[in-house]
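Data first, discussion second: the structure below is written as structure tokens.
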Amino acid sequence: DIMYLFERPSDPLYMPRAGNTIVFNTPDMPDNFAPRFGGTAEGTITVTTDASLAASLPPLVTSIPRGHPYSLNIREHRLAAKDVIELLQQAQTVAQLRDMAASIREDINETLFVYSMFFVLARNKRFRGLRVPTILEVFPDRFIPSNVLDSARAAVNCNNNNRNINQETPVVIQYNQDFSGLHSRLENRLAYWREDYGVNAHHWHWHLVYPNDLLVGKTIPDRKGELFYYMHQQIVARYDNERMSIGLPRVVKLDNFHDPIPDGYFSKLRFDNADSNTNRVQVPGLNPNATHWGTRQDNTRLSNYTRLNTFIPVDISELELWRDRLLDGIHQGFFINKAGNRVPLSDEVDITDGTNKRGIDIIGDTFEADMNISANYDFYGDLHNFGHVVIASSHDPDGTHGENLGVMSESTVAMRDPVFYRWHKYVDWIFQQYKATQPTYTVQQVACSRISLQHLNHKPFDYHILVNNTTGGSKQVYVRIFLAPKFSQSGTDAPMRLSEQRLLWIEMDKFVFLLKVGQNHIKRPSSQSSVTIPGEITFRDLEQNIRGGPQRTSVMWSYNFCGCGWPHHLLVPRGRPEGMTFQLFVMMTDYEQDRMPQREGSRQCAGAASYCGVLDERYPDRRPMGFPFDRLPPRELRTPQEQVLTIEDLARLDNMAVHDVVIRFLGEELPTAA
Ligand code: CUO
């Protein structure tokens with residue numbers, strides 16, 4: 001029954017009302033209410049609403065109008081979600097949750113509603129078993145250009161005059177050529193990646209699972225700040241791998257807030273309710289006629305954010321002040337908390353019992369920022385979030401044009417914009433300033449000297465690893481697999497220095513393996529990657545439904561909550577038609593030393609733990625995230641003759657191996673920079 005609440009969140013619930021009761025009689029629903037989520041093709045759902053709930057919503061919640069962006073980067077918006085979540089958490093049963101949600105659904109911003117509901121369904125143990133639709137299905141307008149959606153709807157309405165929801169002939173509208181812009185603009189040649197549904201769905205899910213300001217105490221996920229750093233570092237690394245594949249230079253960090261931003265962005269996305277919503281609220285500084293996401297012209301400068309429709313403005317000079325305070329702390333080795341005490345920043349701490357935090361974790365919490373766990377929110381500010389907001393409002397910073405915020409303000413759409421990667425490369429640069437203060441790893445820290453790995457071979461989608469275990473007994477190891485381009489773009493054919501290549505290593509997989517004595521052959525299919533989730537399930541099911549005809553089942557667009565995970569189809573960078581040389585790096589470490597004691601026995605939502613952690617449990621790896629590439633490599637490996645350290649120098653250690661792999665792009669469409 002809950003599924004119906006996610007149906008067209010911008011439209012009113014279909015309700016032949018009797019008093020305060022909404023009756024969904026699905027076969028009788030009007031044409032414009034085809035239940036996309038299937039389930040009860042026949043039958044009646046009765047929902048009892050309570051008008052007093054909507055009337056009691058705090059002003060902060062109702063101040064965010066429907067039909068406009070809801071931004072987790074804006075603190076008031078986050079606090080509004082806190083209010084809604086606290087209300088919904090009072091539900092004791094699924095039926096109560098459904099009734100409460102239906103009571104407020106039309107009175108609050110659609111994204112705020114969906115976010116709060118997803119949050120409660122995921123975090124409240126009473127509701128964990130419920131399946132929810134994919135975010136793509138709830139908000140197709142965040143993923144698909146408005147003209148394509150219009151065409152699809154026109155075609156469906158045309159075919160569907162007789163209201164046959166089990167129609168035999170599927171309507172297929174194809175789009176994939178230029179996405180939001182033309183390929184004559186080089187940046188647009190990456191749009192297939194930036195505008196990929198899986199990439200953006202992952203980002204939404206990640207920020208849903210690791211929210212700011214909404215959790216306190218034990219409910220805060222393990223190593224949230226560090227994972228903020230690591231997951232976004234990996235996004236930027238993956239994007240750079242992809243750029244190098246098509247011959248584009250690596251992303252340049254956005255480090256000067258006064259320079260114009262050369263690349264504009266025009267998403268072609270429209271708010272779905274633009275025409276139908278009669279509930280549009282008049283808010284100072286927002287024009288109810290604004291129907292599209294804000295756009296950004298080329299060479300736009302950032303300005304102070306002074307919109308009237310939020311309570312907290314921010315100046316560019318404040319961003320710079322916060323940046324300087326963060327960097328001061330990083331270089332001094334400590335932050336100052338509210339009480340005026342020093343909070344030391346070091347990654348060399350024991351985190352086993354959960355009482356200590358690494359420096360990278362503290363910086364992540366403070367920089368992102370989460371006011372509940374920041375070292376000092378009032379002092380170190382809210383740099384990362386407000387960076388998103390200042391960029392997202394740069395086309396209309398004071399709101400006097402009545403334009404919506406741009407896509408940088410919302411996690412379902414932010415990764416579409418080229419400037420996202422420039423901002424996050426800058427964010428990562430600050431984290432790397434910290435990592436550079438940490439001692440380099442020693443050979444002892446990265447070696448695992450009693451296991452020697454003889455040979456590595458790689459086939460598409462299968463790793464074959466031959467290991468000789470000479471420890472004299474069986475041994476549990478953590479197998480860590482990374483990939484990076486071998487050559488720089490500088491035109492030389494010498495392998496990249498590790499200092500340059502270090503931040504290009506993308507995690508491909510990490511798993512536990514029990515080595516027997518002597519020779520072992522580990523065969524690992526790429527489909528089991530700890531980084532990805534099988535996003536294609538959605539399409540496979542769709543295809544089966546199309547082929548099978550009238551089988552509109554609830555499986556079709558359902559998805560359990562564990563939607564966080566890099567899309568599997570983008571696990572490997574695209575490479576080049578003539579082949580592009582990458583290096584595959586495999587490392588084994590002692591699992592006994594690296595395992596984390598877990599809080600609970602059950603392992604739910606553990607499918608993509610590398611970037612998403614495990615629901616309600618400790619992050620399943622004691623090492624700093626990104627190990628061993630998060631710090632500079634051991635200096636001892638340099639010899640007087642070999643001043644330039646490469647991955648080959650590191651991989652001389654017995655528990656590692658590096659192997660060249662050539663990735664060939666075999667597709668037909670071929671955007672390149674050339
Ligand atoms: Cu995910 Cu800035 O944190 O986009």
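How things are named: the first chain in the structure tokens is A, the next is B, and so on; residues count from 1 in each chain; ligands count from 1 in the order shown.
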
Cut-off 8 Å, only C-alpha atoms and all ligand atoms, neighbours of ligand 1 as a list in words: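 Counting only C-alpha atoms and all ligand atoms, the residues within 8 Å of ligand 1 come out as His203, Trp206, His207, Phe228, His232, Glu368, His384, Asn385, His388, Met408, Ser411, Ala414, Met415, Phe420, Trp423 and His424 of chain A.
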
File dump, residues just selected, N, CA, C and O atoms, as a PDB file, in the first residue's frame:
```
ATOM      1  N   HIS A 203      24.306   8.383  -6.071  1.00  0.00           N
ATOM      2  CA  HIS A 203      24.620   9.581  -5.298  1.00  0.00           C
ATOM      3  C   HIS A 203      23.456   9.951  -4.370  1.00  0.00           C
ATOM      4  O   HIS A 203      23.648  10.312  -3.210  1.00  0.00           O
ATOM      5  N   TRP A 206      23.483   7.411  -1.562  1.00  0.00           N
ATOM      6  CA  TRP A 206      24.591   7.593  -0.637  1.00  0.00           C
ATOM      7  C   TRP A 206      24.258   8.698   0.367  1.00  0.00           C
ATOM      8  O   TRP A 206      24.431   8.535   1.575  1.00  0.00           O
ATOM      9  N   HIS A 207      23.749   9.809  -0.129  1.00  0.00           N
ATOM     10  CA  HIS A 207      23.444  10.910   0.787  1.00  0.00           C
ATOM     11  C   HIS A 207      22.212  10.622   1.650  1.00  0.00           C
ATOM     12  O   HIS A 207      22.037  11.233   2.702  1.00  0.00           O
ATOM     13  N   PHE A 228      32.606  10.020   3.457  1.00  0.00           N
ATOM     14  CA  PHE A 228      32.305  11.189   2.618  1.00  0.00           C
ATOM     15  C   PHE A 228      33.537  11.545   1.784  1.00  0.00           C
ATOM     16  O   PHE A 228      33.452  11.757   0.572  1.00  0.00           O
ATOM     17  N   HIS A 232      33.603  10.296  -2.435  1.00  0.00           N
ATOM     18  CA  HIS A 232      33.684  11.382  -3.416  1.00  0.00           C
ATOM     19  C   HIS A 232      35.055  11.433  -4.085  1.00  0.00           C
ATOM     20  O   HIS A 232      35.165  11.782  -5.261  1.00  0.00           O
ATOM     21  N   GLU A 368      32.057  18.669   5.668  1.00  0.00           N
ATOM     22  CA  GLU A 368      30.926  18.403   4.754  1.00  0.00           C
ATOM     23  C   GLU A 368      29.809  19.424   4.846  1.00  0.00           C
ATOM     24  O   GLU A 368      29.374  19.869   3.763  1.00  0.00           O
ATOM     25  N   HIS A 384      31.605  22.681   2.356  1.00  0.00           N
ATOM     26  CA  HIS A 384      31.253  21.862   1.196  1.00  0.00           C
ATOM     27  C   HIS A 384      29.819  22.097   0.764  1.00  0.00           C
ATOM     28  O   HIS A 384      29.527  22.285  -0.420  1.00  0.00           O
ATOM     29  N   ASN A 385      28.882  22.087   1.742  1.00  0.00           N
ATOM     30  CA  ASN A 385      27.468  22.245   1.389  1.00  0.00           C
ATOM     31  C   ASN A 385      27.201  23.602   0.747  1.00  0.00           C
ATOM     32  O   ASN A 385      26.513  23.703  -0.275  1.00  0.00           O
ATOM     33  N   HIS A 388      28.183  23.958  -2.825  1.00  0.00           N
ATOM     34  CA  HIS A 388      27.130  23.498  -3.753  1.00  0.00           C
ATOM     35  C   HIS A 388      26.099  24.606  -3.964  1.00  0.00           C
ATOM     36  O   HIS A 388      25.649  24.853  -5.084  1.00  0.00           O
ATOM     37  N   MET A 408      23.211  21.619  -9.054  1.00  0.00           N
ATOM     38  CA  MET A 408      24.219  21.385  -8.012  1.00  0.00           C
ATOM     39  C   MET A 408      23.609  21.357  -6.613  1.00  0.00           C
ATOM     40  O   MET A 408      24.272  20.985  -5.644  1.00  0.00           O
ATOM     41  N   SER A 411      20.990  16.115  -4.677  1.00  0.00           N
ATOM     42  CA  SER A 411      21.842  14.947  -4.913  1.00  0.00           C
ATOM     43  C   SER A 411      21.331  14.035  -6.024  1.00  0.00           C
ATOM     44  O   SER A 411      22.086  13.232  -6.554  1.00  0.00           O
ATOM     45  N   ALA A 414      22.944  16.467  -9.143  1.00  0.00           N
ATOM     46  CA  ALA A 414      24.170  17.278  -9.086  1.00  0.00           C
ATOM     47  C   ALA A 414      25.273  16.734  -9.988  1.00  0.00           C
ATOM     48  O   ALA A 414      26.035  17.496 -10.596  1.00  0.00           O
ATOM     49  N   MET A 415      25.358  15.394 -10.102  1.00  0.00           N
ATOM     50  CA  MET A 415      26.481  14.829 -10.848  1.00  0.00           C
ATOM     51  C   MET A 415      26.352  15.002 -12.354  1.00  0.00           C
ATOM     52  O   MET A 415      27.238  14.610 -13.112  1.00  0.00           O
ATOM     53  N   PHE A 420      30.365  19.957 -10.907  1.00  0.00           N
ATOM     54  CA  PHE A 420      30.347  19.081  -9.732  1.00  0.00           C
ATOM     55  C   PHE A 420      31.746  18.515  -9.473  1.00  0.00           C
ATOM     56  O   PHE A 420      32.231  18.457  -8.350  1.00  0.00           O
ATOM     57  N   TRP A 423      34.255  21.109  -8.281  1.00  0.00           N
ATOM     58  CA  TRP A 423      34.068  21.411  -6.861  1.00  0.00           C
ATOM     59  C   TRP A 423      34.601  20.264  -6.004  1.00  0.00           C
ATOM     60  O   TRP A 423      35.340  20.454  -5.047  1.00  0.00           O
ATOM     61  N   HIS A 424      34.246  19.046  -6.381  1.00  0.00           N
ATOM     62  CA  HIS A 424      34.682  17.937  -5.530  1.00  0.00           C
ATOM     63  C   HIS A 424      36.166  17.630  -5.671  1.00  0.00           C
ATOM     64  O   HIS A 424      36.766  17.046  -4.773  1.00  0.00           O
TER      65      HIS A 424
END
```

Within 8 Å of Gln489 (chain A) using only C-alpha atoms, minus same-chain residues under 3 positions, as a PyMOL selection string: chain A and resi 244+249+492

Only N, CA, C and O atoms, please: the residues just picked out, written as a compact mmCIF listing (two decimals), in the first residue's frame.
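Writing the result to out.txt gives the following:
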```
# COMPACT_ATOMS: atom_id res chain seq x y z
N MET A 244 40.31 10.47 -19.29
CA MET A 244 41.54 10.08 -19.96
C MET A 244 41.25 9.06 -21.05
O MET A 244 41.93 9.01 -22.08
N PRO A 249 41.57 16.18 -20.82
CA PRO A 249 42.45 16.36 -19.66
C PRO A 249 41.71 16.12 -18.36
O PRO A 249 40.48 16.16 -18.31
N THR A 492 54.81 11.37 -22.85
CA THR A 492 55.92 10.44 -22.73
C THR A 492 55.35 9.02 -22.64
O THR A 492 54.18 8.84 -22.30
```

Residues within 10 Å of Leu498 (chain A), only C-alpha atoms, excluding chain neighbours under 4 positions, as a ChimeraX atom specification: /A:486,502-505,629,632-633,644-650

Contacts of region 107-114 of chain A at 7 Å (only C-alpha atoms; same-chain gap of 4+ positions) as a PyMOL selection string: chain A and resi 9-10+54+61-62+64-67+70+81+118

In region 33-252 of chain A, DSSP alpha helix (DSSP H) residues written as a ChimeraX atom specification: /A:51-55,59-62,75-88,94-104,110-123,135-138,146-159,191-194,197-209,224-245

Keeping only C-alpha atoms, write the selected residues as an mmCIF file, in the first residue's frame.
```
data_model
loop_
_atom_site.group_PDB
_atom_site.id
_atom_site.type_symbol
_atom_site.label_atom_id
_atom_site.label_comp_id
_atom_site.auth_asym_id
_atom_site.auth_seq_id
_atom_site.Cartn_x
_atom_site.Cartn_y
_atom_site.Cartn_z
ATOM 1 C CA ALA A 51 -6.070 16.755 8.673
ATOM 2 C CA SER A 52 -4.652 17.936 11.965
ATOM 3 C CA LEU A 53 -1.270 16.419 11.092
ATOM 4 C CA ALA A 54 -0.866 18.661 8.075
ATOM 5 C CA ALA A 55 -2.085 21.624 10.087
ATOM 6 C CA PRO A 59 6.620 26.500 9.415
ATOM 7 C CA LEU A 60 10.128 25.386 8.421
ATOM 8 C CA VAL A 61 8.618 22.370 6.680
ATOM 9 C CA THR A 62 5.888 24.228 4.848
ATOM 10 C CA ARG A 75 20.704 23.623 6.413
ATOM 11 C CA GLU A 76 17.073 24.708 6.829
ATOM 12 C CA HIS A 77 16.062 22.066 4.313
ATOM 13 C CA ARG A 78 17.902 19.411 6.291
ATOM 14 C CA LEU A 79 16.229 20.531 9.490
ATOM 15 C CA ALA A 80 12.857 20.404 7.768
ATOM 16 C CA ALA A 81 13.527 16.742 6.962
ATOM 17 C CA LYS A 82 14.335 16.195 10.616
ATOM 18 C CA ASP A 83 10.881 17.501 11.571
ATOM 19 C CA VAL A 84 9.089 15.328 9.027
ATOM 20 C CA ILE A 85 11.101 12.242 9.971
ATOM 21 C CA GLU A 86 10.399 12.730 13.667
ATOM 22 C CA LEU A 87 6.702 12.896 12.888
ATOM 23 C CA LEU A 88 6.711 9.765 10.714
ATOM 24 C CA VAL A 94 2.871 0.091 8.414
ATOM 25 C CA ALA A 95 -0.769 1.139 8.239
ATOM 26 C CA GLN A 96 -0.131 4.037 10.605
ATOM 27 C CA LEU A 97 2.880 5.121 8.599
ATOM 28 C CA ARG A 98 0.820 4.979 5.411
ATOM 29 C CA ASP A 99 -1.992 7.037 6.931
ATOM 30 C CA MET A 100 0.309 9.638 8.433
ATOM 31 C CA ALA A 101 2.262 9.958 5.226
ATOM 32 C CA ALA A 102 -0.904 10.311 3.164
ATOM 33 C CA SER A 103 -2.074 13.037 5.547
ATOM 34 C CA ILE A 104 0.887 15.306 4.904
ATOM 35 C CA GLU A 110 7.678 16.369 -2.962
ATOM 36 C CA THR A 111 11.358 15.611 -2.622
ATOM 37 C CA LEU A 112 11.238 16.334 1.094
ATOM 38 C CA PHE A 113 8.355 13.876 1.365
ATOM 39 C CA VAL A 114 10.095 11.118 -0.568
ATOM 40 C CA TYR A 115 13.413 11.670 1.184
ATOM 41 C CA SER A 116 11.797 11.515 4.623
ATOM 42 C CA MET A 117 9.793 8.411 3.755
ATOM 43 C CA PHE A 118 12.800 6.587 2.292
ATOM 44 C CA PHE A 119 14.755 7.562 5.372
ATOM 45 C CA VAL A 120 12.154 6.145 7.758
ATOM 46 C CA LEU A 121 11.670 2.991 5.702
ATOM 47 C CA ALA A 122 15.401 2.361 5.756
ATOM 48 C CA ARG A 123 16.242 3.261 9.328
ATOM 49 C CA ILE A 135 14.266 6.826 -7.269
ATOM 50 C CA LEU A 136 14.244 6.773 -11.055
ATOM 51 C CA GLU A 137 10.630 5.686 -11.021
ATOM 52 C CA VAL A 138 9.560 8.121 -8.339
ATOM 53 C CA SER A 146 11.533 16.883 -20.258
ATOM 54 C CA ASN A 147 10.968 16.611 -24.001
ATOM 55 C CA VAL A 148 11.630 12.858 -23.872
ATOM 56 C CA LEU A 149 9.191 12.450 -20.999
ATOM 57 C CA ASP A 150 6.619 14.463 -22.921
ATOM 58 C CA SER A 151 7.036 12.233 -25.967
ATOM 59 C CA ALA A 152 6.726 9.123 -23.850
ATOM 60 C CA ARG A 153 3.572 10.373 -22.197
ATOM 61 C CA ALA A 154 2.025 11.414 -25.465
ATOM 62 C CA ALA A 155 2.760 7.995 -26.930
ATOM 63 C CA VAL A 156 1.375 6.162 -23.913
ATOM 64 C CA ASN A 157 -1.780 8.220 -23.814
ATOM 65 C CA CYS A 158 -2.288 7.611 -27.491
ATOM 66 C CA ASN A 159 -1.904 3.859 -27.081
ATOM 67 C CA ALA A 191 27.491 13.517 -20.622
ATOM 68 C CA TYR A 192 26.749 9.805 -21.108
ATOM 69 C CA TRP A 193 28.612 9.241 -17.843
ATOM 70 C CA ARG A 194 27.528 12.288 -15.864
ATOM 71 C CA TYR A 197 20.849 7.041 -14.216
ATOM 72 C CA GLY A 198 22.896 4.670 -12.060
ATOM 73 C CA VAL A 199 25.539 7.240 -11.183
ATOM 74 C CA ASN A 200 22.926 9.737 -10.045
ATOM 75 C CA ALA A 201 20.782 7.151 -8.252
ATOM 76 C CA HIS A 202 23.883 6.024 -6.357
ATOM 77 C CA HIS A 203 24.620 9.581 -5.298
ATOM 78 C CA TRP A 204 21.063 10.090 -4.041
ATOM 79 C CA HIS A 205 21.197 6.837 -2.097
ATOM 80 C CA TRP A 206 24.591 7.593 -0.637
ATOM 81 C CA HIS A 207 23.444 10.910 0.787
ATOM 82 C CA LEU A 208 20.268 9.266 2.038
ATOM 83 C CA VAL A 209 22.250 6.651 3.931
ATOM 84 C CA LYS A 224 30.660 8.708 8.044
ATOM 85 C CA GLY A 225 33.085 11.613 7.604
ATOM 86 C CA GLU A 226 35.832 9.405 6.219
ATOM 87 C CA LEU A 227 33.430 7.746 3.815
ATOM 88 C CA PHE A 228 32.305 11.189 2.618
ATOM 89 C CA TYR A 229 35.930 11.849 1.733
ATOM 90 C CA TYR A 230 36.581 8.433 0.192
ATOM 91 C CA MET A 231 33.393 7.926 -1.825
ATOM 92 C CA HIS A 232 33.684 11.382 -3.416
ATOM 93 C CA GLN A 233 37.427 10.959 -4.009
ATOM 94 C CA GLN A 234 36.589 7.773 -5.903
ATOM 95 C CA ILE A 235 33.918 9.558 -7.944
ATOM 96 C CA VAL A 236 36.486 12.122 -9.053
ATOM 97 C CA ALA A 237 39.092 9.406 -9.733
ATOM 98 C CA ARG A 238 36.591 7.421 -11.796
ATOM 99 C CA TYR A 239 35.615 10.542 -13.705
ATOM 100 C CA ASP A 240 39.269 11.257 -14.468
ATOM 101 C CA ASN A 241 39.771 7.659 -15.635
ATOM 102 C CA GLU A 242 36.838 8.160 -17.978
ATOM 103 C CA ARG A 243 38.122 11.522 -19.215
ATOM 104 C CA MET A 244 41.542 10.079 -19.964
ATOM 105 C CA SER A 245 39.840 7.267 -21.866
#
```

Non-local contacts of Gly359 (chain A) (9 Å; only C-alpha atoms; under 4 positions in same chain excluded) as a ChimeraX atom specification: /A:226,330,333-334,343-349,363-364,434

Those same residues, written as a tab-separated table (two decimals), in the first residue's frame with C-alpha atoms?
```
chain	number	residue	atom	x	y	z
A	226	GLU	CA	35.83	9.41	6.22
A	330	ILE	CA	44.90	20.61	9.14
A	333	GLY	CA	47.38	19.15	13.46
A	334	PHE	CA	44.30	19.95	15.51
A	343	VAL	CA	40.93	17.94	18.85
A	344	PRO	CA	44.05	16.22	17.49
A	345	LEU	CA	44.00	15.16	13.84
A	346	SER	CA	45.83	11.93	13.20
A	347	ASP	CA	45.11	8.75	11.28
A	348	GLU	CA	47.49	6.82	13.52
A	349	VAL	CA	44.90	5.96	16.13
A	363	ILE	CA	37.72	16.52	9.04
A	364	GLY	CA	35.02	14.89	6.90
A	434	TYR	CA	45.57	16.55	5.40
```

Residue neighbourhood Gly473 (chain A), 10 Å, only C-alpha atoms, exclusion window fewer than 4 positions, as a list of chain:residue names: A:Asn469, A:Leu515, A:Lys516, A:Val517, A:Gly518

Contacts of region 324-326 of chain A within 10 Å, only C-alpha atoms, excl. fewer than 3 positions in-chain, as a ChimeraX atom specification: /A:318-321,329-332,334-336,363,366-367,379-381,383,430-431,434

Counting only C-alpha atoms, the residue of A:Met496, A:Asp141, A:Val586, A:Gly217 that sits nearest Thr355 (chain A): A:Gly217
